[in-house]
Amino acid sequence: MTSLRVVVLAGGVGGAKFTLGVRAALARAQAPEATVVVNTGDDLWLSGVRLQPDIDSVLYALAGQNDTVRGWGRTGDTERVNAELQAWGAGWPWFTLGDLDLGTHLARTGWLREGLSVSQVVERLSQRWPLGAHLVPMTDTEVDTHVVTDAGRMHFQEWWTRHRATIAPRAFENPGIEAAVPAPGVLEAIAAADLVLLAPSNPVVSIGPILAVPGIREAVQAAKRVVGVSGIIGGKVVRGMADVCLTAIGVETRSDAVAAHYGARAEGGLLDAWVMAEEDAALAPAVQGCGIHPVVAPLWMNDAAASEGVAQAALDA
Ligand SMILES: O=c1nc2n(C[C@H](O)[C@H](O)[C@H](O)CO)c3cc(O)ccc3cc-2c(=O)[nH]1
């Protein structure tokens with residue numbers, strides 16, 4: 001039994017899988033449940049409802065309700081309402097809203113319209129299933145992610161789901177983030193944590209917006225210990241479009257480059273240690289050279305045991 005208090009910063013499928021592993025590893029150690037600070041930068045309004053893809057990815061995964069094949073939405077979902085929306089010409093023809101998923105969006109939007117804050121809504125959504133972790137949004141303020149391209153500015157979801165990241169991004173922006181405030185409990189959880197973990201989520205559009213909420217980066221820098229987990233394995237992204245996003249901000253798609261992007265805590269960055277894949281072991285000296293302690297471990301999260309192994313490596317780092 002341990003009293004280790006852990007905070008995870010997470011977003012997307014990588015964040016959800018890693019969070020499952022952290023939950024399992026902490027349960028095995030009889031440690032308290034982790035607090036998971038989730039990216040809300042890829043949220044959007046569509047057909048009158050508020051979507052929170054990263055919140056829902058983590059929520060559904062912890063609840064065992066996620067579609068593991070598609071990587072987003074609810075398992076066993078149907079698309080009857082979506083077909084009607086398409087017939088009306090409502091929403092986006094390239095963006096599917098499942099029927100069960102829409103139930104979540106309607107519940108969330110109703111509560112928001114009744115005056116609940118985003119974090120109060122996340123708390124309500126967290127009560128339906130035993131999650132084994134405490135979910136908090138990074139902020140209650142609306143800060144969607146926009147992608148600036150030569151073809152114009154568009155919402156991150158349009159760039160990703162419609163264009164499949166094929167239009168070169170010039171920049172990623174979160175309009176209004178300078179005025180955003182960390183959601184209640186975020187700074188307190190980080191300050192009280194024995195360990196803050198950066199999940200192997202997209203460093204630019206998942207972890208980036210969380211750290212850009214004023215006060216969160218500073219809180220992580222002041223945390224007792226910070227360990228990051230690489231989402232790059234063997235010089236490639238496991239899934240998603242982190243490589244395109246990293247190129248846009250001038251960072252190479254290499255594990256050591258992402259570690260250097262986060263930076264060593266001793267030099268004003270964030271990391272004490274960096275968990276990197278066995279395939280990237282040759283890059284460990286470069287990470288060490290940045291002042292970050294490298295830990296080499298198997299990082300493929302193909303099943304629950306593998307995810308727990310990755311989480312355990314981060315907890316031990
Ligand atoms: O590739 C897709 N991803 C879809 N996603 C996933 C999402 O676009 C991204 O993968 C994440 O935002 C990236 O973290 C959805 C997520 C939701 O919460 C709700 C609806 C969708 C719909 C789609 C979709 O039609 N196509």
# chains A, B, ... in the order shown; residues from 1 in each chain; ligands from 1

call {"tool": "residues_near_ligand", "arguments": {"ligand": "ligand 1", "cutoff": "6 Å", "atoms": "only C-alpha atoms and all ligand atoms", "output": "PyMOL selection string"}}
result
chain A and resi 12+42+51-54+56+72-73+94-97+157+161

call {"tool": "residues_around", "arguments": {"residues": "A:Pro32", "least_positions_apart": "2", "cutoff": "12 Å", "atoms": "only C-alpha atoms", "output": "list in words"}}
result
Met1, Thr2, Ser3, Leu4, Arg5, Val6, Val7, Val22, Arg23, Ala24, Ala25, Leu26, Ala27, Arg28, Ala29, Gln30, Ala34, Thr35, Gly132, Ala133, His134, Ala193 and Asp194 of chain A

call {"tool": "select_by_dssp", "arguments": {"residues": "stretch 80-292 of chain A", "states": "strand (DSSP E or B)", "output": "number ranges by chain"}}
result
A: 134-137, 139, 146-149, 152-155, 169-173, 182, 195-198, 226-229, 232-233, 236-237, 264, 271, 273-277

call {"tool": "select_by_dssp", "arguments": {"residues": "stretch 49-262 of chain A", "states": "helix (DSSP H, G or I)", "output": "count of residues only"}}
result
87

call {"tool": "atom_distance", "arguments": {"atom1": "atom CA of A:Glu114", "atom2": "atom CA of A:Glu173"}}
result
29.1 Å

call {"tool": "atom_distance", "arguments": {"atom1": "atom CA of A:Thr145", "atom2": "atom CA of A:Gly110"}}
result
23.0 Å

call {"tool": "residues_around", "arguments": {"residues": "A:Val118", "least_positions_apart": "4", "cutoff": "10 Å", "atoms": "only C-alpha atoms", "output": "PDB file with C-alpha atoms, in the first residue's frame"}}
result
ATOM      1  CA  THR A  40     -10.295  20.528 -23.889  1.00  0.00           C
ATOM      2  CA  GLN A  52     -15.441  17.256 -25.932  1.00  0.00           C
ATOM      3  CA  ARG A 108     -23.519  17.877 -21.501  1.00  0.00           C
ATOM      4  CA  THR A 109     -25.045  20.699 -23.526  1.00  0.00           C
ATOM      5  CA  TRP A 111     -26.202  20.988 -18.225  1.00  0.00           C
ATOM      6  CA  LEU A 112     -24.021  23.747 -19.699  1.00  0.00           C
ATOM      7  CA  VAL A 122     -17.373  16.509 -16.265  1.00  0.00           C
ATOM      8  CA  GLU A 123     -18.029  15.615 -12.624  1.00  0.00           C
ATOM      9  CA  ARG A 124     -21.612  14.645 -13.504  1.00  0.00           C
ATOM     10  CA  VAL A 136     -10.931  17.276 -14.575  1.00  0.00           C
ATOM     11  CA  PRO A 137     -10.923  19.470 -17.670  1.00  0.00           C
ATOM     12  CA  MET A 138      -7.868  21.723 -18.033  1.00  0.00           C
ATOM     13  CA  THR A 139     -10.119  24.792 -17.880  1.00  0.00           C
ATOM     14  CA  ASP A 140     -13.772  25.806 -17.734  1.00  0.00           C
ATOM     15  CA  THR A 141     -13.080  28.459 -20.380  1.00  0.00           C
ATOM     16  CA  GLU A 142     -13.864  27.655 -24.052  1.00  0.00           C
ATOM     17  CA  ALA A 183     -10.391  24.480 -13.778  1.00  0.00           C
TER      18      ALA A 183
END

call {"tool": "closest_residue", "arguments": {"among": "A:Val181, A:Leu20, A:Ala192, A:Leu102", "to": "A:Glu79", "atoms": "only C-alpha atoms"}}
result
A:Leu102

call {"tool": "closest_atom_pairs", "arguments": {"of": "stretch 208-240 of chain A", "to": "stretch 270-294 of chain A", "cutoff": "6 Å", "atoms": "only C-alpha atoms", "output": "Markdown table"}}
result
| residue | atom | partner | partner_atom | distance |
| --- | --- | --- | --- | --- |
| A:Gln221 | CA | A:Leu270 | CA | 5.4 |
| A:Val226 | CA | A:Leu271 | CA | 5.3 |
| A:Val227 | CA | A:Ala273 | CA | 4.8 |
| A:Gly228 | CA | A:Trp274 | CA | 4.9 |
| A:Val229 | CA | A:Val275 | CA | 4.7 |
| A:Ser230 | CA | A:Met276 | CA | 5.3 |
| A:Ile233 | CA | A:Ala277 | CA | 5.7 |
| A:Gly234 | CA | A:Glu279 | CA | 5.0 |
